[in-house]
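Heads up, the thing below is written out as structure tokens.
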Amino acid sequence: MEEAGRRRYPEKPARVYLFGTCLVDLFCPEAGIDTVRLLEREGIEVHFPADQTCCGQPAHSSGFPGQTRAVALSQLRLFPEAWPVIVPSGSCAGMMRHHYPKIFADDARLLSEARALAERIFELSEFLLHVVKIRLIDQGAPARVALHTSCAARREMGTHLHARALLGQLPGVEVALHGHESECCGFGGTFSLKHPAISSAMASDKVEAIKETGAQTFVSADCGCMLNLNHTLQKRGDGLQGQHLATFLWQRSGGERGQR
């Protein structure tokens, strides 16, 4: 085991599970596909349990504990082998790692299962950096990019640090810091539905800050944020569009054979 910060990391496994997330499944399938490609290129066999659905975060953040528990319970036993569970979303990974044990705190048996699963939950960039110890070879043209990390991913999983470290392996990529980097993009799951005017204003502030950097694109490890910002840009008629971190890393590192 290797320790980085307060979490202890295992050796690189031969097999992992993929928890694809709702948004990847419905709106960003390329992020899921590129996640699998990155892992398989490292010699890791990826298993995708077909019965997986939502992590339960929308119900949890909206104040519906009963529905949250039901959704979380349906995911709890989908990953029976002791393999890592890779999540290409820091907010969903945070939900499963940090909140599942709290949801089942009143039931000793379920709490034990939730804790065991939580220990195996890894956000994608964290897993690539600390477990796979990936070494990317940059095969793209020089580019200036901005990074956006969801609120939950930043504060619960430290995903912004992992993403910066991975982007830092690409000498042709300049990561442009923007003034609203630590602020919410306005998506916030159901927040954007309940408070659309506030959400829209927050997204506008975010895209303005990104554009002021002169970045050619932005990357995010959370599809909800990426979709919110991309749709805001599209509505404004702006050609700037963001990519999921998995897709950006896959393309920059040359597709089929970008490292070793």
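Ordered as shown in the structure tokens, chains take letters A, B, and onward, while each chain numbers its residues from 1 and ligands are numbered from 1 in the order shown.
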
>> Show me, as number ranges by chain, the residues that have an atom within 7 Å of stretch 30-47 of chain A when counting only C-alpha atoms, minus same-chain residues fewer than 2 positions from it.
In response: A: 13-18, 20, 24, 28, 49, 244, 246-247, 250

Contact table stretch 70-149 of chain A vs stretch 55-64 of chain A, cut-off 10 Å, shortest pair per residue, only C-alpha atoms, as a Markdown table:
| residue | atom | partner | partner_atom | distance |
| --- | --- | --- | --- | --- |
| A:Ala70 | CA | A:Gly56 | CA | 8.3 |
| A:Val71 | CA | A:Gly56 | CA | 5.4 |
| A:Ala72 | CA | A:Gly56 | CA | 5.7 |
| A:Leu73 | CA | A:Gly56 | CA | 9.3 |
| A:Ser74 | CA | A:Cys55 | CA | 9.1 |
| A:Gln75 | CA | A:Cys55 | CA | 7.2 |
| A:Leu76 | CA | A:Cys55 | CA | 9.6 |
| A:Ser91 | CA | A:Gln57 | CA | 8.2 |
| A:Cys92 | CA | A:Cys55 | CA | 6.2 |
| A:Ala93 | CA | A:Cys55 | CA | 8.4 |
| A:Gly94 | CA | A:Gln57 | CA | 9.3 |
| A:Met95 | CA | A:Gln57 | CA | 6.2 |
| A:Met96 | CA | A:Cys55 | CA | 6.7 |
| A:His99 | CA | A:His60 | CA | 9.1 |
| A:Tyr100 | CA | A:Cys55 | CA | 9.3 |
| A:Ile103 | CA | A:His60 | CA | 9.4 |

>> Please list as a ChimeraX atom specification every residue within 6 Å of A:Leu170, counting only C-alpha atoms and excluding residues in the same chain fewer than 3 positions away.
In response: /A:138,167,173

Output of the above residues as a short mmCIF file (atom, residue, chain, number, x, y, z; two decimals), in the first residue's frame, restricted to all heavy atoms:
data_model
loop_
_atom_site.label_atom_id
_atom_site.label_comp_id
_atom_site.auth_asym_id
_atom_site.auth_seq_id
_atom_site.Cartn_x
_atom_site.Cartn_y
_atom_site.Cartn_z
N ASP A 138 2.71 13.52 -24.31
CA ASP A 138 1.92 14.52 -25.02
C ASP A 138 2.17 14.42 -26.52
O ASP A 138 3.30 14.55 -26.98
CB ASP A 138 2.30 15.91 -24.51
CG ASP A 138 1.31 16.98 -24.95
OD1 ASP A 138 0.39 16.65 -25.73
OD2 ASP A 138 1.46 18.13 -24.50
N LEU A 167 -2.50 16.99 -16.01
CA LEU A 167 -2.27 17.97 -17.08
C LEU A 167 -0.83 18.45 -17.07
O LEU A 167 -0.26 18.78 -18.13
CB LEU A 167 -3.23 19.15 -16.92
CG LEU A 167 -4.71 18.84 -17.14
CD1 LEU A 167 -5.57 20.05 -16.75
CD2 LEU A 167 -4.99 18.46 -18.60
N VAL A 173 0.69 21.57 -22.93
CA VAL A 173 -0.55 22.12 -22.36
C VAL A 173 -0.22 23.14 -21.29
O VAL A 173 0.45 22.83 -20.30
CB VAL A 173 -1.43 20.99 -21.78
CG1 VAL A 173 -2.65 21.58 -21.08
CG2 VAL A 173 -1.86 20.03 -22.88
#

> In Å, how far is it from atom CA of A:Val131 to atom CA of A:Pro101?
Replying inline: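 These two atoms are separated by 23.2 Å.
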
> Just asking: which residues within stretch 12-210 of chain A are alpha helix (DSSP H) according to DSSP, as number ranges by chain?
Replying inline: A: 22-26, 29-41, 57-61, 65-76, 90-94, 100-103, 108-119, 124-126, 151-152, 159-167, 191-194, 196-210

>> Taking only C-alpha atoms into account, name the residue in A:Glu212, A:Arg155, A:Cys225, A:Asp205 that is nearest to A:Gly188.
In response: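 So, comparing all the options, the nearest one is A:Cys225.
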
> Quick one: DSSP strand (DSSP E or B) residues in stretch 9-177 of chain A, as a ChimeraX atom specification?
Replying inline: /A:9,15-18,45-47,85-87,121-123,136,143-148,173-176

>> Nearest residue to A:Glu208 out of A:His180, A:Leu227, A:Leu136, A:Thr190, using only C-alpha atoms?
In response: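 That would be A:His180, the residue with the smallest distance to A:Glu208.
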
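Proximity of A:Leu110, A:Ala215, A:Met202, A:Ala176 to A:Arg77, computed with only C-alpha atoms, is greatest for A:Leu110.
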
> Could you state the separation of atom CA of A:Val175 and atom CA of A:Ala146 in Å, given to one decimal place?
Replying inline: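 Those two atoms sit 5.6 Å apart.
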